[in-house]
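Q: So here's upload_18.txt (compact mmCIF, C-alpha atoms).
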# COMPACT_ATOMS: atom_id res chain seq x y z
CA MET A 166 10.45 8.61 21.05
CA SER A 167 8.46 11.11 23.08
CA GLU A 168 4.88 10.18 23.93
CA LEU A 169 3.85 13.42 22.19
CA GLU A 170 5.78 12.60 19.01
CA ALA A 171 3.85 11.08 16.12
CA ARG A 172 5.09 7.69 14.99
CA ILE A 173 4.65 8.72 11.36
CA ASP A 174 5.73 12.14 10.10
CA PHE A 175 4.01 12.34 6.73
CA SER A 176 5.89 15.49 5.76
CA LYS A 177 9.03 13.35 5.50
CA LEU A 178 7.51 10.76 3.16
CA LYS A 179 8.19 10.95 -0.56
CA PRO A 180 4.85 11.18 -2.39
CA PHE A 181 3.83 8.50 -4.85
CA PRO A 182 4.64 9.65 -8.39
CA GLU A 183 2.30 11.35 -10.79
CA THR A 184 1.81 9.33 -13.95
CA ASP A 185 4.31 10.46 -16.59
CA VAL A 186 2.08 12.72 -18.67
CA GLN A 187 5.08 14.66 -20.00
CA ASN A 188 5.95 11.73 -22.24
CA ASN A 189 2.29 11.24 -23.13
CA ASN A 190 2.35 7.63 -21.90
CA ASN A 191 0.37 7.99 -18.66
CA LYS A 192 2.51 5.40 -16.88
CA ILE A 193 3.95 5.08 -13.37
CA ILE A 194 7.72 5.41 -12.97
CA THR A 195 8.82 2.14 -11.40
CA LYS A 196 11.57 3.35 -9.09
CA ALA A 197 9.53 6.24 -7.74
CA PHE A 198 6.60 3.93 -7.02
CA LEU A 199 8.80 1.36 -5.25
CA ASP A 200 10.55 4.05 -3.20
CA SER A 201 7.21 5.31 -1.93
CA ALA A 202 5.93 1.79 -1.32
CA TYR A 203 9.00 1.10 0.84
CA GLN A 204 8.16 4.15 2.94
CA VAL A 205 4.62 2.90 3.51
CA VAL A 206 6.02 -0.45 4.63
CA GLU A 207 8.30 1.33 7.10
CA SER A 208 5.33 3.30 8.39
CA ILE A 209 3.41 0.09 9.06
CA GLU A 210 6.46 -1.27 10.84
CA SER A 211 6.00 1.54 13.36
CA PHE A 212 2.62 0.04 14.32
CA GLY A 213 4.45 -2.55 16.42
CA ARG A 214 5.94 -6.04 16.30
CA LEU A 215 2.58 -7.75 15.90
CA PHE A 216 2.36 -6.23 12.43
CA THR A 217 5.59 -7.94 11.34
CA PRO A 218 3.80 -10.51 9.10
CA ILE A 219 2.16 -7.71 7.07
CA VAL A 220 5.43 -5.78 6.89
CA LYS A 221 7.35 -8.88 5.83
CA ASP A 222 4.84 -9.75 3.11
CA MET A 223 4.70 -6.22 1.70
CA ARG A 224 8.47 -5.77 1.82
CA GLY A 225 8.95 -9.11 0.10
CA ASN A 226 6.70 -8.06 -2.77
CA VAL A 227 8.47 -4.72 -3.14
CA LYS A 228 11.83 -6.50 -3.27
CA ARG A 229 10.50 -8.96 -5.86
CA LEU A 230 9.52 -6.07 -8.11
CA GLU A 231 12.75 -4.22 -7.41
CA ALA A 232 14.84 -7.25 -8.36
CA LYS A 233 13.01 -7.49 -11.68
CA TYR A 234 13.42 -3.77 -12.30
CA LYS A 235 17.18 -3.98 -11.76
CA GLU A 236 17.47 -6.66 -14.46
CA ASN A 237 16.83 -3.96 -17.06
CA GLU A 238 16.18 -0.51 -15.63
CA GLN A 239 15.73 1.07 -19.04
CA ALA A 240 13.17 -1.41 -20.35
CA PHE A 241 11.37 -1.53 -17.00
CA CYS A 242 11.43 2.20 -16.35
CA TYR A 243 7.64 2.17 -16.11
CA LEU A 244 5.77 -0.19 -13.83
CA GLU A 245 3.26 -1.20 -16.50
CA ASP A 246 6.10 -2.12 -18.89
CA LEU A 247 7.77 -4.18 -16.19
CA ILE A 248 4.62 -6.29 -15.95
CA LEU A 249 3.73 -6.48 -19.64
CA LEU A 250 7.27 -7.04 -20.98
CA ASP A 251 7.94 -9.63 -18.32
CA LYS A 252 4.94 -11.71 -19.31
CA ASP A 253 5.74 -11.59 -23.06
CA GLY A 254 6.87 -15.05 -24.08
CA ASN A 255 6.14 -16.33 -20.61
CA GLU A 256 3.93 -19.42 -20.60
CA ASN A 257 2.36 -18.17 -17.39
CA ALA A 258 1.22 -14.59 -18.06
CA PHE A 259 0.37 -14.30 -14.37
CA ASP A 260 3.84 -14.92 -12.95
CA SER A 261 5.47 -14.17 -9.61
CA VAL A 262 6.25 -10.55 -10.50
CA THR A 263 2.66 -9.81 -11.51
CA GLU A 264 1.42 -11.64 -8.42
CA GLY A 265 3.78 -9.58 -6.28
CA LEU A 266 2.39 -6.31 -7.60
CA LEU A 267 -1.19 -7.55 -7.25
CA TRP A 268 -0.80 -8.38 -3.55
CA LEU A 269 1.29 -5.29 -2.88
CA LYS A 270 -1.43 -3.17 -4.48
CA ARG A 271 -4.10 -4.76 -2.31
CA ALA A 272 -2.11 -4.23 0.89
CA LEU A 273 -1.39 -0.63 -0.09
CA GLU A 274 -5.11 -0.11 -0.72
CA MET A 275 -5.86 -1.28 2.80
CA ILE A 276 -3.35 1.18 4.23
CA GLU A 277 -4.57 4.05 2.07
CA MET A 278 -8.19 3.35 3.02
CA PHE A 279 -7.25 3.12 6.70
CA PHE A 280 -5.65 6.54 6.76
CA ARG A 281 -8.41 8.04 4.63
CA ASN A 282 -11.03 6.61 6.99
CA MET A 283 -9.19 8.24 9.90
CA LEU A 284 -9.18 11.62 8.19
CA GLU A 285 -12.85 11.42 7.27
CA ASP A 286 -13.91 10.50 10.81
CA GLU A 287 -15.52 13.73 11.98
CA SER A 288 -15.54 12.51 15.58
CA GLY A 289 -11.75 12.48 15.66
CA SER A 290 -11.94 9.38 17.83
CA ASP A 291 -8.62 8.17 19.18
CA ASN A 292 -9.74 4.57 18.67
CA VAL A 293 -9.07 3.71 15.02
CA LYS A 294 -9.45 -0.06 15.16
CA HIS A 295 -12.74 0.05 13.28
CA HIS A 296 -11.13 2.09 10.51
CA LEU A 297 -8.50 -0.58 9.92
CA ARG A 298 -11.14 -3.31 10.06
CA LYS A 299 -13.27 -1.53 7.45
CA ALA A 300 -10.22 -0.99 5.20
CA TYR A 301 -9.33 -4.67 5.51
CA GLU A 302 -12.87 -5.76 4.66
CA ASP A 303 -12.86 -3.61 1.52
CA ALA A 304 -9.33 -4.31 0.26
CA LEU A 305 -8.19 -7.76 1.41
CA LEU A 306 -11.01 -9.79 2.94
CA PRO A 307 -12.42 -10.96 -0.44
CA TYR A 308 -9.06 -12.57 -1.22
CA HIS A 309 -8.26 -14.11 2.17
CA GLY A 310 -9.05 -17.62 3.30
CA PHE A 311 -10.09 -18.67 6.78
CA LEU A 312 -6.65 -18.58 8.44
CA ALA A 313 -5.72 -15.19 7.03
CA GLN A 314 -9.05 -13.77 8.15
CA LYS A 315 -8.59 -15.09 11.68
CA GLY A 316 -5.09 -13.64 11.79
CA PHE A 317 -6.38 -10.20 10.95
CA GLN A 318 -9.25 -10.42 13.42
CA PHE A 319 -6.61 -10.78 16.13
CA LEU A 320 -4.25 -8.19 14.69
CA HIS A 321 -6.55 -5.23 14.22
CA HIS A 322 -7.17 -4.98 17.96
CA TYR A 323 -3.57 -3.80 18.39
CA VAL A 324 -3.45 -0.96 15.90
CA PRO A 325 -2.07 2.18 17.62
CA THR A 326 -4.34 5.09 18.47
CA ARG A 327 -4.85 8.15 16.30
CA THR A 328 -2.76 10.20 18.73
CA THR A 329 0.07 7.67 18.63
CA LEU A 330 0.15 7.66 14.83
CA LEU A 331 -0.44 11.35 14.07
CA GLY A 332 0.39 13.11 17.32
CA PRO A 333 -1.94 14.86 19.79
CA SER A 334 -4.80 16.81 18.23
CA GLU A 335 -3.63 20.15 19.61
CA SER A 336 -0.34 19.92 17.71
CA ASN A 337 -0.82 17.51 14.80
CA GLN A 338 -2.48 19.77 12.24
CA SER A 339 0.61 20.03 10.06
CA ASN A 340 0.93 16.25 10.07
CA VAL A 341 -2.73 15.85 9.14
CA VAL A 342 -2.28 18.27 6.23
CA ALA A 343 0.83 16.35 5.13
CA LEU A 344 -1.16 13.08 5.26
CA GLN A 345 -3.97 14.61 3.20
CA SER A 346 -1.43 15.64 0.57
CA PHE A 347 0.30 12.24 0.64
CA LEU A 348 -2.98 10.43 0.02
CA VAL A 349 -3.68 12.29 -3.23
CA THR A 350 -1.09 10.58 -5.43
CA PHE A 351 -1.24 7.44 -3.27
CA ARG A 352 -4.89 7.02 -4.28
CA SER A 353 -4.32 8.01 -7.90
CA ASN A 354 -1.57 5.39 -8.26
CA LEU A 355 -3.85 2.70 -6.87
CA ASP A 356 -6.74 3.73 -9.11
CA HIS A 357 -4.40 3.69 -12.11
CA LEU A 358 -3.15 0.20 -11.26
CA ASN A 359 -6.69 -1.10 -10.73
CA VAL A 360 -7.59 0.00 -14.26
CA PHE A 361 -4.36 -1.51 -15.60
CA PHE A 362 -4.98 -4.89 -13.97
CA GLU A 363 -8.55 -5.03 -15.22
CA ALA A 364 -7.62 -3.97 -18.76
CA ASN A 365 -4.98 -6.72 -18.99
CA ASN A 366 -7.02 -9.43 -17.26
CA LEU A 367 -4.53 -9.72 -14.42
CA ASN A 368 -6.83 -9.15 -11.46
CA LYS A 369 -6.94 -12.74 -10.19
CA THR A 370 -9.38 -13.43 -7.35
CA TYR A 371 -8.07 -16.62 -5.77
CA LYS A 372 -7.92 -16.73 -1.97
CA ALA A 373 -4.67 -16.87 -0.03
Render the structure in this file as structure tokens.

A:
Amino acid sequence: MSELEARIDFSKLKPFPETDVQNNNNKIITKAFLDSAYQVVESIESFGRLFTPIVKDMRGNVKRLEAKYKENEQAFCYLEDLILLDKDGNENAFDSVTEGLLWLKRALEMIEMFFRNMLEDESGSDNVKHHLRKAYEDALLPYHGFLAQKGFQFLHHYVPTRTTLLGPSESNQSNVVALQSFLVTFRSNLDHLNVFFEANNLNKTYKA
């Protein structure tokens, strides 16, 4: 990869899905959501080997949801149905599939906030460590125990620069515009899931 080439080309990423308003159910299509989540995981993988634990955890949660979806693709066409139908008749309403989506959602929120913080930084600073730290504090810190917190305190120092991620400022405008567009449905999916988790009393706050 050229030093002038951005590690993440947001124009090549499949956007997160709009909720399915055509069928008047305002739900998220499972496969489309998981496909986009996989792409985010691959983007984080480009941050470097030190980010492998985050990548592994996120990918594991996507695969957990994907495996459940493949058990009955018709019944689990929508992400909300996958969660609600799976817990019906289950003694533990908060099972491994629901837990997987909860932690995946939180990790995705950190990533979305990180990139949004970068875009909203009027200074255009190449150092984006503080943006990742702020995103972590907002999205994951409340649910992390001592060891997880210490792990992140080490990790965030090694996040690549703005130029490395998006390309040099004199030539990255198209990538910045693509990122802005990508964040629109990314954020709307996360907001939708936050409402869903609260409405169904699934937003557990234990620390990992």

Q: Just want the 8 Å neighbourhood of Lys196 in chain A, counted on only C-alpha atoms, with same-chain residues fewer than 2 positions away dropped. Output as a ChimeraX atom specification.

A: /A:194,198-200,231,242

Q: Between CA of Val262 in chain A and CA of Phe317 in chain A, what is the distance in Å, rounded to a tenth?

A: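 A separation of 24.9 Å between them.
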
Q: Given the choices A:Leu273, A:Ala304, A:Ile173, A:Leu312, which gets closest to Leu355 in chain A if the distance is worked out from all atoms listed in the file?

A: A:Leu273

Q: Could you tell me how far CA of Lys233 in chain A lies from CA of Leu247 in chain A, in Å and to one decimal?

A: 7.7 Å

Q: If I take CA of Thr217 in chain A and CA of Asn359 in chain A, how far is one from the other in Å, to one decimal?

A: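 Here the two named atoms are 26.2 Å from each other.
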
Q: Considering only C-alpha atoms, can you say which of A:Asn191, A:Leu244, A:Leu266, A:Ser176 comes closest to Asp222 in chain A?

A: A:Leu266

Q: Measuring between all atoms listed in the file, which one of A:Ile219, A:Arg327, A:Arg224, A:Asn368 shows the shortest distance to Glu170 in chain A?

A: A:Arg327

Q: How would you write as a list in words the residues that get within 6 Å of (-3.3, 11.5, 10.2) in the file's frame, counting all atoms listed in the file?

A: Leu331, Val341 and Leu344 of chain A

Q: With 4 Å on each side, where is the centre of the axis-aligned box around all listed atoms of range 305-317 of chain A, and how long are its edges in Å to one decimal, as AutoDock Vina command-line options?

A:
--center_x -8.8 --center_y -13.2 --center_z 5.3 --size_x 15.3 --size_y 18.9 --size_z 21.0

Q: Which residue gives the smallest distance to Lys221 in chain A among A:Ala272, A:Glu264, A:Pro182, A:Thr370, with only C-alpha atoms counted?

A: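 Looking only at the distances to Lys221 in chain A, the closest residue turns out to be A:Ala272.
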
Q: Please identify all polymer residues within 9 Å of His296 in chain A, counting all atoms listed in the file, omitting same-chain residues fewer than 5 positions from it, and present them as a list in words.

A: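 The residues satisfying every condition are Met278, Phe279, Phe280, Arg281, Asn282, Met283, Asp286 and Tyr301 of chain A.
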
Q: Could you check the closest approach to Tyr308 in chain A for each of A:Ile193, A:Ile209, A:Val360, A:Leu267 and tell me which residue wins, using all atoms listed in the file?

A: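 Of the candidates, the smallest distance to Tyr308 in chain A is held by A:Leu267.
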
Q: Between A:Leu230, A:Phe362, A:Gly265, A:Ser290, which has the minimum distance to Pro333 in chain A (counting only C-alpha atoms)?

A: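 Under the stated criterion, the closest residue is A:Ser290.
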
Q: Mind checking which residues fall within 10 Å of His322 in chain A, counting all atoms listed in the file, ignoring those fewer than 4 positions away in the same chain, and posting them as an NGL selection string?

A: :A and (292-295 or 297-298 or 317-318)

Q: Would you mind exporting the chosen residues as a PDB file, in the frame of the given file, restricted to C-alpha atoms?

A:
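Output saved as part-v3.pdb:
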ATOM      1  CA  ASN A 292      -9.740   4.570  18.670  1.00  0.00           C
ATOM      2  CA  VAL A 293      -9.070   3.710  15.020  1.00  0.00           C
ATOM      3  CA  LYS A 294      -9.450  -0.060  15.160  1.00  0.00           C
ATOM      4  CA  HIS A 295     -12.740   0.050  13.280  1.00  0.00           C
ATOM      5  CA  LEU A 297      -8.500  -0.580   9.920  1.00  0.00           C
ATOM      6  CA  ARG A 298     -11.140  -3.310  10.060  1.00  0.00           C
ATOM      7  CA  PHE A 317      -6.380 -10.200  10.950  1.00  0.00           C
ATOM      8  CA  GLN A 318      -9.250 -10.420  13.420  1.00  0.00           C
TER       9      GLN A 318
END

Q: Pick out the residues sitting within 12 Å of Gln338 in chain A, and hand them over as a ChimeraX atom specification; count all atoms listed in the file, and ignore anything fewer than 4 positions along from it in its own chain.

A: /A:171,174-176,284,328,331-334,342-345

Q: Take the residues from that selection and put them in a file with C-alpha atoms, as a PDB file, in the frame of the given file.

A:
ATOM      1  CA  ALA A 171       3.850  11.080  16.120  1.00  0.00           C
ATOM      2  CA  ASP A 174       5.730  12.140  10.100  1.00  0.00           C
ATOM      3  CA  PHE A 175       4.010  12.340   6.730  1.00  0.00           C
ATOM      4  CA  SER A 176       5.890  15.490   5.760  1.00  0.00           C
ATOM      5  CA  LEU A 284      -9.180  11.620   8.190  1.00  0.00           C
ATOM      6  CA  THR A 328      -2.760  10.200  18.730  1.00  0.00           C
ATOM      7  CA  LEU A 331      -0.440  11.350  14.070  1.00  0.00           C
ATOM      8  CA  GLY A 332       0.390  13.110  17.320  1.00  0.00           C
ATOM      9  CA  PRO A 333      -1.940  14.860  19.790  1.00  0.00           C
ATOM     10  CA  SER A 334      -4.800  16.810  18.230  1.00  0.00           C
ATOM     11  CA  VAL A 342      -2.280  18.270   6.230  1.00  0.00           C
ATOM     12  CA  ALA A 343       0.830  16.350   5.130  1.00  0.00           C
ATOM     13  CA  LEU A 344      -1.160  13.080   5.260  1.00  0.00           C
ATOM     14  CA  GLN A 345      -3.970  14.610   3.200  1.00  0.00           C
TER      15      GLN A 345
END

Q: Hey, what's within 8 Å of Phe351 in chain A if we count all atoms listed in the file and toss same-chain stuff fewer than 2 positions away? As an NGL selection string, please?

A: :A and (180-181 or 277 or 347-349 or 353-355)

Q: Take the structure in the block and write a file for range 353-365 of chain A, N, CA, C and O atoms, as a PDB file, in the first residue's frame.

A:
ATOM      1  N   SER A 353     -28.092   5.989  12.215  1.00  0.00           N
ATOM      2  CA  SER A 353     -29.527   5.730  12.339  1.00  0.00           C
ATOM      3  C   SER A 353     -29.797   4.294  12.770  1.00  0.00           C
ATOM      4  O   SER A 353     -30.736   4.036  13.529  1.00  0.00           O
ATOM      5  N   ASN A 354     -28.970   3.340  12.311  1.00  0.00           N
ATOM      6  CA  ASN A 354     -29.116   1.952  12.754  1.00  0.00           C
ATOM      7  C   ASN A 354     -28.832   1.832  14.245  1.00  0.00           C
ATOM      8  O   ASN A 354     -29.548   1.142  14.974  1.00  0.00           O
ATOM      9  N   LEU A 355     -27.797   2.497  14.709  1.00  0.00           N
ATOM     10  CA  LEU A 355     -27.443   2.434  16.122  1.00  0.00           C
ATOM     11  C   LEU A 355     -28.515   3.090  16.991  1.00  0.00           C
ATOM     12  O   LEU A 355     -28.885   2.553  18.044  1.00  0.00           O
ATOM     13  N   ASP A 356     -29.029   4.230  16.555  1.00  0.00           N
ATOM     14  CA  ASP A 356     -30.104   4.888  17.298  1.00  0.00           C
ATOM     15  C   ASP A 356     -31.335   3.989  17.370  1.00  0.00           C
ATOM     16  O   ASP A 356     -31.983   3.882  18.418  1.00  0.00           O
ATOM     17  N   HIS A 357     -31.652   3.351  16.263  1.00  0.00           N
ATOM     18  CA  HIS A 357     -32.805   2.453  16.195  1.00  0.00           C
ATOM     19  C   HIS A 357     -32.631   1.292  17.171  1.00  0.00           C
ATOM     20  O   HIS A 357     -33.559   0.933  17.902  1.00  0.00           O
ATOM     21  N   LEU A 358     -31.439   0.703  17.204  1.00  0.00           N
ATOM     22  CA  LEU A 358     -31.182  -0.424  18.097  1.00  0.00           C
ATOM     23  C   LEU A 358     -31.180   0.009  19.554  1.00  0.00           C
ATOM     24  O   LEU A 358     -31.623  -0.750  20.432  1.00  0.00           O
ATOM     25  N   ASN A 359     -30.702   1.207  19.840  1.00  0.00           N
ATOM     26  CA  ASN A 359     -30.742   1.700  21.218  1.00  0.00           C
ATOM     27  C   ASN A 359     -32.180   1.790  21.718  1.00  0.00           C
ATOM     28  O   ASN A 359     -32.485   1.396  22.855  1.00  0.00           O
ATOM     29  N   VAL A 360     -33.066   2.294  20.890  1.00  0.00           N
ATOM     30  CA  VAL A 360     -34.486   2.378  21.250  1.00  0.00           C
ATOM     31  C   VAL A 360     -35.061   0.972  21.434  1.00  0.00           C
ATOM     32  O   VAL A 360     -35.811   0.713  22.388  1.00  0.00           O
ATOM     33  N   PHE A 361     -34.713   0.074  20.538  1.00  0.00           N
ATOM     34  CA  PHE A 361     -35.202  -1.309  20.602  1.00  0.00           C
ATOM     35  C   PHE A 361     -34.767  -1.992  21.899  1.00  0.00           C
ATOM     36  O   PHE A 361     -35.570  -2.641  22.577  1.00  0.00           O
ATOM     37  N   PHE A 362     -33.503  -1.849  22.264  1.00  0.00           N
ATOM     38  CA  PHE A 362     -33.003  -2.488  23.478  1.00  0.00           C
ATOM     39  C   PHE A 362     -33.678  -1.916  24.723  1.00  0.00           C
ATOM     40  O   PHE A 362     -34.022  -2.656  25.648  1.00  0.00           O
ATOM     41  N   GLU A 363     -33.872  -0.609  24.749  1.00  0.00           N
ATOM     42  CA  GLU A 363     -34.534   0.003  25.892  1.00  0.00           C
ATOM     43  C   GLU A 363     -35.993  -0.432  25.983  1.00  0.00           C
ATOM     44  O   GLU A 363     -36.493  -0.766  27.061  1.00  0.00           O
ATOM     45  N   ALA A 364     -36.681  -0.450  24.855  1.00  0.00           N
ATOM     46  CA  ALA A 364     -38.106  -0.793  24.839  1.00  0.00           C
ATOM     47  C   ALA A 364     -38.358  -2.224  25.284  1.00  0.00           C
ATOM     48  O   ALA A 364     -39.409  -2.539  25.849  1.00  0.00           O
ATOM     49  N   ASN A 365     -37.384  -3.109  25.064  1.00  0.00           N
ATOM     50  CA  ASN A 365     -37.551  -4.523  25.405  1.00  0.00           C
ATOM     51  C   ASN A 365     -36.744  -4.937  26.633  1.00  0.00           C
ATOM     52  O   ASN A 365     -36.580  -6.127  26.898  1.00  0.00           O
TER      53      ASN A 365
END
